[in-house]
file protein00.csv (CSV, C-alpha atoms)
chain,number,residue,atom,x,y,z
A,183,MET,CA,-33.6,-57.3,-78.8
A,184,GLN,CA,-34.3,-57.3,-75.1
A,185,TYR,CA,-30.6,-56.6,-74.4
A,186,THR,CA,-30.6,-53.7,-76.8
A,187,THR,CA,-33.8,-52.3,-75.2
A,188,ARG,CA,-32.3,-52.5,-71.8
A,189,ARG,CA,-29.2,-50.6,-73.0
A,190,LEU,CA,-31.4,-48.0,-74.6
A,191,LEU,CA,-33.5,-47.6,-71.4
A,192,LYS,CA,-30.3,-47.3,-69.3
A,193,ALA,CA,-28.9,-44.7,-71.7
A,194,THR,CA,-32.1,-42.7,-71.6
A,195,ALA,CA,-32.2,-42.7,-67.8
A,196,ALA,CA,-28.6,-41.6,-67.7
A,197,LEU,CA,-29.3,-38.8,-70.1
A,198,GLY,CA,-32.3,-37.8,-68.0
A,199,LEU,CA,-30.2,-37.7,-64.8
A,200,LEU,CA,-27.5,-35.7,-66.6
A,201,ALA,CA,-30.0,-33.3,-67.9
A,202,ALA,CA,-31.6,-32.8,-64.5
A,203,THR,CA,-28.1,-32.3,-62.9
A,204,GLY,CA,-27.2,-29.9,-65.7
A,205,LEU,CA,-30.5,-28.0,-65.1
A,206,ALA,CA,-29.8,-27.7,-61.4
A,207,GLY,CA,-26.3,-26.6,-62.0
A,208,ALA,CA,-27.5,-24.0,-64.5
A,209,GLN,CA,-30.0,-22.7,-62.0
A,210,ALA,CA,-27.3,-22.4,-59.4
A,211,ASP,CA,-25.0,-20.6,-61.8
A,212,THR,CA,-27.6,-18.0,-62.7
A,213,TRP,CA,-29.0,-17.7,-59.2
A,214,PRO,CA,-29.9,-15.1,-58.0
A,215,SER,CA,-31.2,-13.1,-60.9
A,216,LYS,CA,-34.1,-11.4,-59.2
A,217,PRO,CA,-35.0,-10.1,-55.7
A,218,ILE,CA,-35.2,-12.5,-52.8
A,219,ARG,CA,-37.8,-12.5,-50.1
A,220,ILE,CA,-37.2,-13.5,-46.5
A,221,VAL,CA,-40.7,-14.3,-45.1
A,222,VAL,CA,-41.0,-13.8,-41.3
A,223,PRO,CA,-44.2,-15.6,-40.2
A,224,TYR,CA,-44.6,-13.3,-37.1
A,225,THR,CA,-45.3,-9.7,-36.3
A,226,PRO,CA,-42.4,-7.1,-36.5
A,227,GLY,CA,-40.2,-6.7,-33.5
A,228,GLY,CA,-39.8,-10.3,-32.5
A,229,SER,CA,-36.6,-12.4,-32.4
A,230,SER,CA,-37.0,-13.8,-36.0
A,231,ASP,CA,-37.8,-10.3,-37.4
A,232,ILE,CA,-34.8,-8.7,-35.6
A,233,ILE,CA,-32.4,-11.3,-37.0
A,234,ALA,CA,-34.0,-11.2,-40.5
A,235,ARG,CA,-33.4,-7.4,-40.7
A,236,ILE,CA,-29.8,-7.7,-39.3
A,237,ILE,CA,-28.8,-10.2,-42.0
A,238,SER,CA,-30.8,-8.8,-45.0
A,239,GLN,CA,-28.4,-6.0,-45.9
A,240,PRO,CA,-25.2,-8.0,-45.8
A,241,LEU,CA,-27.0,-10.9,-47.7
A,242,GLN,CA,-28.0,-8.3,-50.3
A,243,GLU,CA,-24.5,-7.1,-50.7
A,244,ALA,CA,-23.1,-10.7,-50.9
A,245,LEU,CA,-25.6,-11.9,-53.5
A,246,LYS,CA,-25.8,-8.5,-55.4
A,247,GLN,CA,-29.6,-8.7,-55.4
A,248,THR,CA,-32.4,-6.9,-53.4
A,249,VAL,CA,-33.4,-8.8,-50.2
A,250,ILE,CA,-36.8,-8.0,-48.9
A,251,VAL,CA,-38.1,-8.9,-45.4
A,252,GLU,CA,-41.8,-9.6,-45.4
A,253,ASN,CA,-43.9,-10.2,-42.3
A,254,LYS,CA,-46.7,-12.7,-42.7
A,255,PRO,CA,-48.1,-13.5,-39.2
A,256,GLY,CA,-50.9,-15.8,-38.4
A,257,ALA,CA,-51.7,-19.2,-36.8
A,258,ASN,CA,-48.6,-19.3,-34.7
A,259,GLY,CA,-46.3,-18.8,-37.7
A,260,ASN,CA,-48.0,-21.4,-39.8
A,261,THR,CA,-49.6,-19.0,-42.3
A,262,GLY,CA,-46.2,-17.6,-43.5
A,263,SER,CA,-44.6,-21.0,-43.2
A,264,ASP,CA,-47.3,-22.6,-45.4
A,265,MET,CA,-46.8,-19.8,-48.0
A,266,VAL,CA,-43.1,-20.6,-48.2
A,267,ALA,CA,-43.7,-24.4,-48.3
A,268,LYS,CA,-46.0,-23.9,-51.3
A,269,ALA,CA,-43.7,-21.3,-53.1
A,270,PRO,CA,-41.6,-22.3,-56.1
A,271,ALA,CA,-38.5,-24.2,-55.1
A,272,ASP,CA,-36.1,-21.8,-56.8
A,273,GLY,CA,-34.3,-20.1,-54.0
A,274,TYR,CA,-36.1,-16.8,-54.1
A,275,THR,CA,-38.5,-17.3,-51.1
A,276,LEU,CA,-36.8,-18.0,-47.8
A,277,LEU,CA,-38.4,-18.6,-44.4
A,278,MET,CA,-36.9,-17.1,-41.3
A,279,CYS,CA,-38.6,-18.6,-38.2
A,280,ASP,CA,-38.3,-20.1,-34.8
A,281,VAL,CA,-37.4,-23.6,-35.8
A,282,GLY,CA,-38.5,-24.9,-32.3
A,283,ALA,CA,-42.0,-23.4,-32.9
A,284,LEU,CA,-42.1,-25.0,-36.3
A,285,SER,CA,-41.3,-28.4,-34.9
A,286,ILE,CA,-44.1,-28.0,-32.4
A,287,SER,CA,-46.8,-27.4,-35.0
A,288,PRO,CA,-47.2,-31.0,-36.3
A,289,SER,CA,-48.1,-32.1,-32.7
A,290,VAL,CA,-50.4,-29.1,-31.9
A,291,TYR,CA,-52.4,-28.7,-35.1
A,292,THR,CA,-54.6,-31.5,-36.2
A,293,LYS,CA,-55.1,-30.0,-39.7
A,294,LEU,CA,-51.8,-28.4,-40.5
A,295,PRO,CA,-51.9,-27.4,-44.3
A,296,PHE,CA,-48.3,-28.4,-44.9
A,297,ASN,CA,-45.8,-31.0,-43.6
A,298,PRO,CA,-42.8,-29.1,-42.2
A,299,SER,CA,-40.6,-32.2,-42.4
A,300,LYS,CA,-41.4,-32.9,-46.1
A,301,ASP,CA,-42.4,-29.5,-47.6
A,302,LEU,CA,-39.5,-27.4,-46.2
A,303,LYS,CA,-35.7,-27.9,-46.2
A,304,GLY,CA,-33.4,-26.4,-43.6
A,305,VAL,CA,-30.6,-24.2,-44.9
A,306,THR,CA,-28.9,-23.2,-41.6
A,307,MET,CA,-29.6,-22.3,-38.0
A,308,LEU,CA,-28.5,-18.8,-37.2
A,309,ALA,CA,-28.9,-18.1,-33.5
A,310,TYR,CA,-30.2,-19.3,-30.2
A,311,SER,CA,-31.8,-17.1,-27.6
A,312,PRO,CA,-33.0,-18.5,-24.2
A,313,HIS,CA,-36.4,-17.5,-22.9
A,314,LEU,CA,-36.6,-15.0,-20.1
A,315,LEU,CA,-39.3,-15.3,-17.5
A,316,VAL,CA,-40.4,-11.7,-16.9
A,317,VAL,CA,-43.1,-9.9,-15.1
A,318,HIS,CA,-44.6,-6.4,-14.9
A,319,PRO,CA,-42.8,-4.4,-12.3
A,320,SER,CA,-45.9,-4.2,-10.2
A,321,VAL,CA,-45.7,-7.9,-9.5
A,322,LYS,CA,-44.2,-8.3,-6.0
A,323,ALA,CA,-42.5,-11.6,-6.7
A,324,ASN,CA,-38.7,-11.5,-7.0
A,325,ASN,CA,-38.1,-15.2,-7.9
A,326,LEU,CA,-40.0,-18.2,-9.3
A,327,LYS,CA,-41.0,-19.6,-5.9
A,328,GLU,CA,-42.6,-16.2,-5.0
A,329,LEU,CA,-44.3,-16.0,-8.4
A,330,VAL,CA,-45.8,-19.4,-8.0
A,331,ALA,CA,-47.1,-18.6,-4.6
A,332,GLN,CA,-48.7,-15.4,-5.9
A,333,SER,CA,-50.3,-17.2,-8.8
A,334,LYS,CA,-51.9,-19.7,-6.4
A,335,ALA,CA,-53.5,-16.8,-4.5
A,336,GLY,CA,-55.2,-15.8,-7.7
A,337,PRO,CA,-54.5,-17.0,-11.3
A,338,MET,CA,-52.1,-14.6,-13.2
A,339,ASP,CA,-52.4,-13.5,-16.8
A,340,PHE,CA,-49.6,-15.2,-18.7
A,341,ALA,CA,-49.0,-13.6,-22.2
A,342,ILE,CA,-48.0,-16.0,-24.9
A,343,THR,CA,-47.0,-15.5,-28.5
A,344,ALA,CA,-49.7,-17.9,-29.6
A,345,ILE,CA,-51.5,-21.1,-28.4
A,346,GLY,CA,-49.1,-23.9,-29.0
A,347,SER,CA,-46.1,-21.7,-29.4
A,348,ALA,CA,-42.7,-22.5,-27.8
A,349,PRO,CA,-43.2,-19.9,-25.0
A,350,HIS,CA,-46.7,-21.3,-24.3
A,351,LEU,CA,-45.4,-24.9,-23.9
A,352,ALA,CA,-42.5,-23.6,-21.8
A,353,GLY,CA,-45.1,-22.0,-19.6
A,354,VAL,CA,-47.0,-25.2,-19.5
A,355,ALA,CA,-43.9,-27.1,-18.5
A,356,VAL,CA,-43.2,-24.7,-15.6
A,357,GLU,CA,-46.8,-24.7,-14.6
A,358,LYS,CA,-46.9,-28.6,-14.4
A,359,ALA,CA,-43.6,-28.7,-12.5
A,360,THR,CA,-44.5,-26.0,-9.9
A,361,GLN,CA,-48.3,-26.3,-9.7
A,362,ALA,CA,-48.5,-22.6,-10.7
A,363,LYS,CA,-51.8,-21.1,-11.8
A,364,TRP,CA,-51.6,-19.2,-15.1
A,365,GLN,CA,-54.3,-17.8,-17.3
A,366,TYR,CA,-52.8,-17.9,-20.8
A,367,ILE,CA,-53.5,-14.9,-23.0
A,368,PRO,CA,-52.6,-15.5,-26.7
A,369,TYR,CA,-51.2,-12.9,-29.1
A,370,LYS,CA,-50.1,-12.9,-32.7
A,371,GLY,CA,-46.4,-12.5,-31.9
A,372,GLY,CA,-43.8,-12.0,-29.2
A,373,SER,CA,-43.7,-8.2,-29.7
A,374,GLN,CA,-47.4,-7.8,-28.9
A,375,ALA,CA,-47.2,-10.1,-25.9
A,376,LEU,CA,-44.3,-8.1,-24.5
A,377,SER,CA,-45.9,-4.7,-25.2
A,378,ASP,CA,-49.1,-5.7,-23.3
A,379,THR,CA,-47.1,-7.0,-20.4
A,380,VAL,CA,-45.1,-3.7,-20.3
A,381,ALA,CA,-48.5,-1.9,-20.3
A,382,GLY,CA,-49.7,-4.0,-17.4
A,383,GLN,CA,-52.5,-5.6,-19.3
A,384,THR,CA,-50.9,-9.0,-18.5
A,385,GLN,CA,-48.6,-9.9,-15.6
A,386,VAL,CA,-46.2,-12.6,-16.8
A,387,VAL,CA,-44.6,-13.4,-20.1
A,388,MET,CA,-41.9,-15.8,-21.3
A,389,ASN,CA,-40.1,-14.8,-24.5
A,390,GLY,CA,-36.8,-14.9,-26.3
A,391,MET,CA,-34.0,-13.0,-24.7
A,392,LEU,CA,-33.1,-11.2,-27.9
A,393,ALA,CA,-36.4,-9.3,-28.0
A,394,THR,CA,-37.0,-9.2,-24.3
A,395,LEU,CA,-33.7,-8.0,-22.8
A,396,PRO,CA,-34.2,-4.3,-23.8
A,397,PHE,CA,-37.3,-4.1,-21.7
A,398,VAL,CA,-35.5,-5.6,-18.8
A,399,GLN,CA,-32.6,-3.2,-19.2
A,400,SER,CA,-34.9,-0.2,-19.3
A,401,GLY,CA,-36.8,-1.4,-16.2
A,402,LYS,CA,-40.1,-1.8,-18.0
A,403,LEU,CA,-40.1,-5.6,-17.1
A,404,LYS,CA,-38.6,-7.5,-14.2
A,405,VAL,CA,-36.7,-10.7,-14.9
A,406,LEU,CA,-37.1,-13.7,-12.6
A,407,GLY,CA,-35.4,-16.5,-14.5
A,408,VAL,CA,-33.5,-17.7,-17.5
A,409,SER,CA,-34.5,-20.9,-19.4
A,410,LYS,CA,-30.9,-22.0,-20.0
A,411,ALA,CA,-28.8,-24.7,-18.4
A,412,THR,CA,-26.4,-22.1,-17.1
A,413,ARG,CA,-26.6,-18.4,-16.2
A,414,VAL,CA,-26.1,-15.9,-19.0
A,415,PRO,CA,-23.2,-13.4,-18.9
A,416,LEU,CA,-25.5,-10.4,-19.5
A,417,LEU,CA,-27.6,-11.3,-16.5
A,418,PRO,CA,-25.1,-13.0,-14.1
A,419,ASP,CA,-27.3,-12.4,-11.0
A,420,VAL,CA,-30.4,-13.9,-12.5
A,421,PRO,CA,-30.8,-17.6,-11.6
A,422,THR,CA,-31.9,-20.2,-14.2
A,423,ILE,CA,-35.3,-21.7,-13.9
A,424,ALA,CA,-33.6,-25.1,-13.4
A,425,GLU,CA,-31.8,-23.6,-10.4
A,426,GLN,CA,-35.1,-22.5,-8.9
A,427,GLY,CA,-36.5,-26.0,-8.7
A,428,VAL,CA,-37.6,-27.1,-12.3
A,429,LYS,CA,-34.8,-29.6,-12.7
A,430,GLY,CA,-33.3,-29.8,-16.2
A,431,PHE,CA,-35.6,-27.1,-17.6
A,432,GLU,CA,-34.4,-25.5,-20.8
A,433,SER,CA,-36.2,-23.7,-23.6
A,434,GLY,CA,-35.7,-20.9,-26.0
A,435,THR,CA,-35.9,-19.7,-29.6
A,436,TRP,CA,-33.9,-21.2,-32.4
A,437,GLN,CA,-33.9,-18.8,-35.4
A,438,GLY,CA,-33.1,-20.5,-38.8
A,439,ILE,CA,-33.6,-20.2,-42.5
A,440,LEU,CA,-35.6,-22.8,-44.5
A,441,VAL,CA,-36.6,-23.0,-48.2
A,442,PRO,CA,-39.2,-25.0,-50.1
A,443,ALA,CA,-38.3,-28.7,-50.5
A,444,GLY,CA,-36.9,-29.3,-53.9
A,445,THR,CA,-34.7,-26.2,-54.0
A,446,PRO,CA,-31.5,-27.1,-55.9
A,447,PRO,CA,-28.8,-28.3,-53.6
A,448,ALA,CA,-26.3,-25.9,-55.1
A,449,VAL,CA,-28.5,-23.0,-54.2
A,450,VAL,CA,-29.0,-24.3,-50.7
A,451,ASP,CA,-25.3,-24.8,-50.3
A,452,LYS,CA,-24.6,-21.3,-51.5
A,453,LEU,CA,-27.2,-19.8,-49.1
A,454,ASN,CA,-25.7,-21.8,-46.3
A,455,ALA,CA,-22.2,-20.6,-47.0
A,456,GLU,CA,-23.2,-16.9,-47.3
A,457,LEU,CA,-25.5,-16.9,-44.2
A,458,THR,CA,-22.9,-18.7,-42.1
A,459,ARG,CA,-20.3,-16.2,-43.1
A,460,ILE,CA,-22.6,-13.3,-42.4
A,461,ILE,CA,-23.9,-14.5,-39.0
A,462,ARG,CA,-20.3,-15.4,-37.8
A,463,SER,CA,-18.9,-12.0,-38.9
A,464,PRO,CA,-17.5,-10.1,-35.9
A,465,GLU,CA,-19.9,-7.2,-36.4
A,466,VAL,CA,-23.1,-9.3,-36.6
A,467,ARG,CA,-21.9,-11.7,-33.8
A,468,GLN,CA,-21.2,-8.8,-31.5
A,469,ARG,CA,-24.5,-7.2,-32.2
A,470,LEU,CA,-26.4,-10.4,-31.4
A,471,THR,CA,-24.3,-11.2,-28.3
A,472,ALA,CA,-25.0,-7.8,-26.9
A,473,GLN,CA,-28.7,-8.6,-27.0
A,474,GLY,CA,-28.4,-12.1,-25.5
A,475,ALA,CA,-28.5,-14.3,-28.6
A,476,GLU,CA,-25.8,-16.9,-29.4
A,477,VAL,CA,-24.6,-17.4,-33.0
A,478,TYR,CA,-25.4,-21.1,-33.8
A,479,THR,CA,-24.9,-22.4,-37.3
A,480,MET,CA,-25.5,-25.8,-38.8
A,481,THR,CA,-25.2,-27.6,-42.1
A,482,PRO,CA,-28.4,-28.6,-43.9
A,483,THR,CA,-28.0,-32.2,-42.7
A,484,GLU,CA,-27.4,-31.1,-39.1
A,485,PHE,CA,-30.5,-28.8,-39.3
A,486,SER,CA,-32.7,-31.7,-40.4
A,487,SER,CA,-31.5,-33.9,-37.5
A,488,PHE,CA,-32.1,-31.1,-35.0
A,489,PHE,CA,-35.6,-30.5,-36.4
A,490,GLU,CA,-36.6,-34.1,-36.0
A,491,ARG,CA,-35.2,-34.3,-32.4
A,492,GLU,CA,-37.2,-31.1,-31.5
A,493,ARG,CA,-40.3,-32.5,-33.1
A,494,LYS,CA,-40.2,-35.7,-31.0
A,495,HIS,CA,-39.3,-33.8,-27.8
A,496,TRP,CA,-42.2,-31.3,-28.1
A,497,ALA,CA,-44.6,-34.1,-29.1
A,498,THR,CA,-44.1,-35.4,-25.6
A,499,VAL,CA,-44.7,-32.0,-24.0
A,500,VAL,CA,-47.8,-31.4,-26.1
A,501,ALA,CA,-49.2,-34.8,-25.1
A,502,GLN,CA,-48.5,-34.1,-21.4
A,503,GLY,CA,-50.1,-30.6,-21.6
A,504,ASN,CA,-53.0,-31.9,-23.7
A,505,VAL,CA,-52.6,-29.0,-26.2
A,506,LYS,CA,-54.5,-29.5,-29.5
A,507,LEU,CA,-55.8,-27.0,-32.1
A,508,ASP,CA,-57.9,-27.5,-35.2
call {"tool": "encode", "arguments": {"input": "protein00.csv", "output": "structure tokens"}}
result
Amino acid sequence: MQYTTRRLLKATAALGLLAATGLAGAQADTWPSKPIRIVVPYTPGGSSDIIARIISQPLQEALKQTVIVENKPGANGNTGSDMVAKAPADGYTLLMCDVGALSISPSVYTKLPFNPSKDLKGVTMLAYSPHLLVVHPSVKANNLKELVAQSKAGPMDFAITAIGSAPHLAGVAVEKATQAKWQYIPYKGGSQALSDTVAGQTQVVMNGMLATLPFVQSGKLKVLGVSKATRVPLLPDVPTIAEQGVKGFESGTWQGILVPAGTPPAVVDKLNAELTRIIRSPEVRQRLTAQGAEVYTMTPTEFSSFFERERKHWATVVAQGNVKLD
């Protein structure tokens, strides 16, 4: 009797697994059957928003479904990210964000309403854009050393996308290394931080090259450094921040796509394949490269490993800078 019961339980479990697999397969076969949302948890005009709008049309053509870009800013990207984390895991709600910023949140926020590592699943990275350290043209400094000296004469207003954001922590790292004196002014996104610096309401800003370069090229902002290990081809005469005394310094924005945890693997794989193809296409690659962003794709597994490495790295920076938010 016990033997028969065990066989029956095993058979039932096998049927359950088969049914679940079949259901996931069926979902993947019929997906997508309705419009898809790409949620950008920042204001329009920033790096994530720019890339989301670049890929939305080709993704729509590939999937033969409407793809809508929706901005949901707030709490350093956590408002929109939380919304996606709690959305149905059916492949119709995607999150386009700065993955580096997302990996910072668990260390900065003591009451984060979601767990990025458990509630979201990475699909693929899309691009990397180093931060540019820029100032309003009225600032007399022409390099980091002169900027630090000027800040010591009187604290300078340093615009940041939000308290606890990647640009904020990059600023903190430079401040600690050089003994600079910044007064951090928080905004709801990179585009607003840039526009206020262009207007002269703040003096210094560090932001992703993709969104910042046009202001440098137009002469509305002056670039003093690049947060990359090596100089960038578009700005060959601009030294890296590491070259200017902050040894080993690197930072930047990593734009990627995530979905709610539990999204069928077949849907994740299909999204990964289409997004990788789109972002690597000559037209899109050239468009991004011309603005200072590097195409950078990953498998879902590689994405998860990257996220955990970033989370551990920024936890150390947050602890050193004593940055905590409720």
call {"tool": "atom_distance", "arguments": {"input": "protein00.csv", "atom1": "CA of Val428 in chain A", "atom2": "CA of Gly228 in chain A"}}
result
26.4 Å
call {"tool": "closest_residue", "arguments": {"input": "protein00.csv", "among": "A:Val221, A:Asn389, A:Phe489, A:Cys279", "to": "Gly372 in chain A", "atoms": "only C-alpha atoms"}}
result
A:Asn389
call {"tool": "closest_residue", "arguments": {"input": "protein00.csv", "among": "A:Met265, A:Ile220, A:Val441, A:Ala309", "to": "Thr248 in chain A", "atoms": "all atoms listed in the file"}}
result
A:Ile220
call {"tool": "residues_around", "arguments": {"input": "protein00.csv", "residues": "Trp364 in chain A", "least_positions_apart": "3", "cutoff": "8 Å", "atoms": "only C-alpha atoms", "output": "number ranges by chain"}}
result
A: 333, 337-340, 357
call {"tool": "write_last_selection", "arguments": {"input": "protein00.csv", "atoms": "C-alpha atoms", "output": "tab-separated table (two decimals), in the coordinates of the input"}}
result
chain	number	residue	atom	x	y	z
A	333	SER	CA	-50.30	-17.20	-8.80
A	337	PRO	CA	-54.50	-17.00	-11.30
A	338	MET	CA	-52.10	-14.60	-13.20
A	339	ASP	CA	-52.40	-13.50	-16.80
A	340	PHE	CA	-49.60	-15.20	-18.70
A	357	GLU	CA	-46.80	-24.70	-14.60
call {"tool": "atom_distance", "arguments": {"input": "protein00.csv", "atom1": "CA of Leu406 in chain A", "atom2": "CA of Asn325 in chain A"}}
result
5.0 Å
call {"tool": "closest_residue", "arguments": {"input": "protein00.csv", "among": "A:Ile342, A:Val356, A:Ala271, A:Leu470", "to": "Gln374 in chain A", "atoms": "only C-alpha atoms"}}
result
A:Ile342
call {"tool": "closest_residue", "arguments": {"input": "protein00.csv", "among": "A:Ala472, A:Leu326, A:Ala501, A:Val249", "to": "Leu392 in chain A", "atoms": "all atoms listed in the file"}}
result
A:Ala472
call {"tool": "atom_distance", "arguments": {"input": "protein00.csv", "atom1": "CA of Tyr224 in chain A", "atom2": "CA of Pro255 in chain A"}}
result
4.1 Å
call {"tool": "closest_residue", "arguments": {"input": "protein00.csv", "among": "A:Asp264, A:Pro319, A:Pro482, A:Leu403", "to": "Val450 in chain A", "atoms": "only C-alpha atoms"}}
result
A:Pro482
call {"tool": "closest_residue", "arguments": {"input": "protein00.csv", "among": "A:Ser377, A:Ser263, A:Ser433, A:Thr394", "to": "Ala352 in chain A", "atoms": "only C-alpha atoms"}}
result
A:Ser433
call {"tool": "residues_around", "arguments": {"input": "protein00.csv", "residues": "Gln426 in chain A", "least_positions_apart": "4", "cutoff": "12 Å", "atoms": "only C-alpha atoms", "output": "PyMOL selection string"}}
result
chain A and resi 315+324-330+356+359-360+406-413+420-422+430-431
call {"tool": "residues_around", "arguments": {"input": "protein00.csv", "residues": "Leu245 in chain A", "least_positions_apart": "6", "cutoff": "12 Å", "atoms": "only C-alpha atoms", "output": "MDAnalysis selection string"}}
result
chainID A and resid 212:218 238:239 273:274 449 452:453 455:457 460
call {"tool": "write_last_selection", "arguments": {"input": "protein00.csv", "atoms": "C-alpha atoms", "output": "CSV table (one decimal), keeping the file's coordinate frame"}}
result
chain,number,residue,atom,x,y,z
A,212,THR,CA,-27.6,-18.0,-62.7
A,213,TRP,CA,-29.0,-17.7,-59.2
A,214,PRO,CA,-29.9,-15.1,-58.0
A,215,SER,CA,-31.2,-13.1,-60.9
A,216,LYS,CA,-34.1,-11.4,-59.2
A,217,PRO,CA,-35.0,-10.1,-55.7
A,218,ILE,CA,-35.2,-12.5,-52.8
A,238,SER,CA,-30.8,-8.8,-45.0
A,239,GLN,CA,-28.4,-6.0,-45.9
A,273,GLY,CA,-34.3,-20.1,-54.0
A,274,TYR,CA,-36.1,-16.8,-54.1
A,449,VAL,CA,-28.5,-23.0,-54.2
A,452,LYS,CA,-24.6,-21.3,-51.5
A,453,LEU,CA,-27.2,-19.8,-49.1
A,455,ALA,CA,-22.2,-20.6,-47.0
A,456,GLU,CA,-23.2,-16.9,-47.3
A,457,LEU,CA,-25.5,-16.9,-44.2
A,460,ILE,CA,-22.6,-13.3,-42.4
call {"tool": "build_atoms", "arguments": {"input": "protein00.csv", "residues": "range 337-357 of chain A", "atoms": "N, CA and C atoms", "output": "compact mmCIF listing (two decimals), in the coordinates of the input"}}
result
# COMPACT_ATOMS: atom_id res chain seq x y z
N PRO A 337 -55.11 -16.74 -10.02
CA PRO A 337 -54.50 -17.00 -11.30
C PRO A 337 -53.95 -15.73 -11.98
N MET A 338 -52.75 -15.81 -12.54
CA MET A 338 -52.10 -14.60 -13.20
C MET A 338 -52.20 -14.74 -14.67
N ASP A 339 -52.34 -13.60 -15.33
CA ASP A 339 -52.40 -13.50 -16.80
C ASP A 339 -51.01 -13.73 -17.36
N PHE A 340 -50.85 -14.79 -18.15
CA PHE A 340 -49.60 -15.20 -18.70
C PHE A 340 -49.66 -14.93 -20.23
N ALA A 341 -48.98 -13.90 -20.73
CA ALA A 341 -49.00 -13.60 -22.20
C ALA A 341 -48.17 -14.56 -22.95
N ILE A 342 -48.72 -15.07 -24.05
CA ILE A 342 -48.00 -16.00 -24.90
C ILE A 342 -48.07 -15.55 -26.36
N THR A 343 -47.06 -15.88 -27.13
CA THR A 343 -47.00 -15.50 -28.50
C THR A 343 -48.16 -16.07 -29.33
N ALA A 344 -48.60 -17.24 -28.93
CA ALA A 344 -49.70 -17.90 -29.60
C ALA A 344 -49.99 -19.22 -28.83
N ILE A 345 -51.21 -19.74 -28.94
CA ILE A 345 -51.50 -21.10 -28.40
C ILE A 345 -50.67 -22.10 -29.13
N GLY A 346 -49.95 -22.92 -28.38
CA GLY A 346 -49.10 -23.90 -29.00
C GLY A 346 -47.74 -23.48 -29.39
N SER A 347 -47.39 -22.23 -29.07
CA SER A 347 -46.10 -21.70 -29.40
C SER A 347 -45.04 -22.25 -28.38
N ALA A 348 -43.75 -22.07 -28.67
CA ALA A 348 -42.70 -22.50 -27.80
C ALA A 348 -42.82 -21.85 -26.39
N PRO A 349 -43.06 -20.52 -26.32
CA PRO A 349 -43.20 -19.90 -25.00
C PRO A 349 -44.45 -20.43 -24.25
N HIS A 350 -45.52 -20.77 -24.99
CA HIS A 350 -46.70 -21.30 -24.30
C HIS A 350 -46.34 -22.68 -23.71
N LEU A 351 -45.69 -23.56 -24.47
CA LEU A 351 -45.40 -24.90 -23.90
C LEU A 351 -44.32 -24.80 -22.84
N ALA A 352 -43.44 -23.79 -22.92
CA ALA A 352 -42.50 -23.60 -21.80
C ALA A 352 -43.23 -23.19 -20.57
N GLY A 353 -44.25 -22.34 -20.72
CA GLY A 353 -45.10 -22.00 -19.60
C GLY A 353 -45.83 -23.14 -19.01
N VAL A 354 -46.32 -24.00 -19.90
CA VAL A 354 -47.00 -25.20 -19.50
C VAL A 354 -46.09 -26.12 -18.67
N ALA A 355 -44.86 -26.25 -19.15
CA ALA A 355 -43.90 -27.10 -18.50
C ALA A 355 -43.59 -26.59 -17.07
N VAL A 356 -43.43 -25.27 -16.93
CA VAL A 356 -43.20 -24.70 -15.60
C VAL A 356 -44.41 -24.82 -14.73
N GLU A 357 -45.58 -24.61 -15.32
CA GLU A 357 -46.80 -24.70 -14.60
C GLU A 357 -46.99 -26.16 -14.01
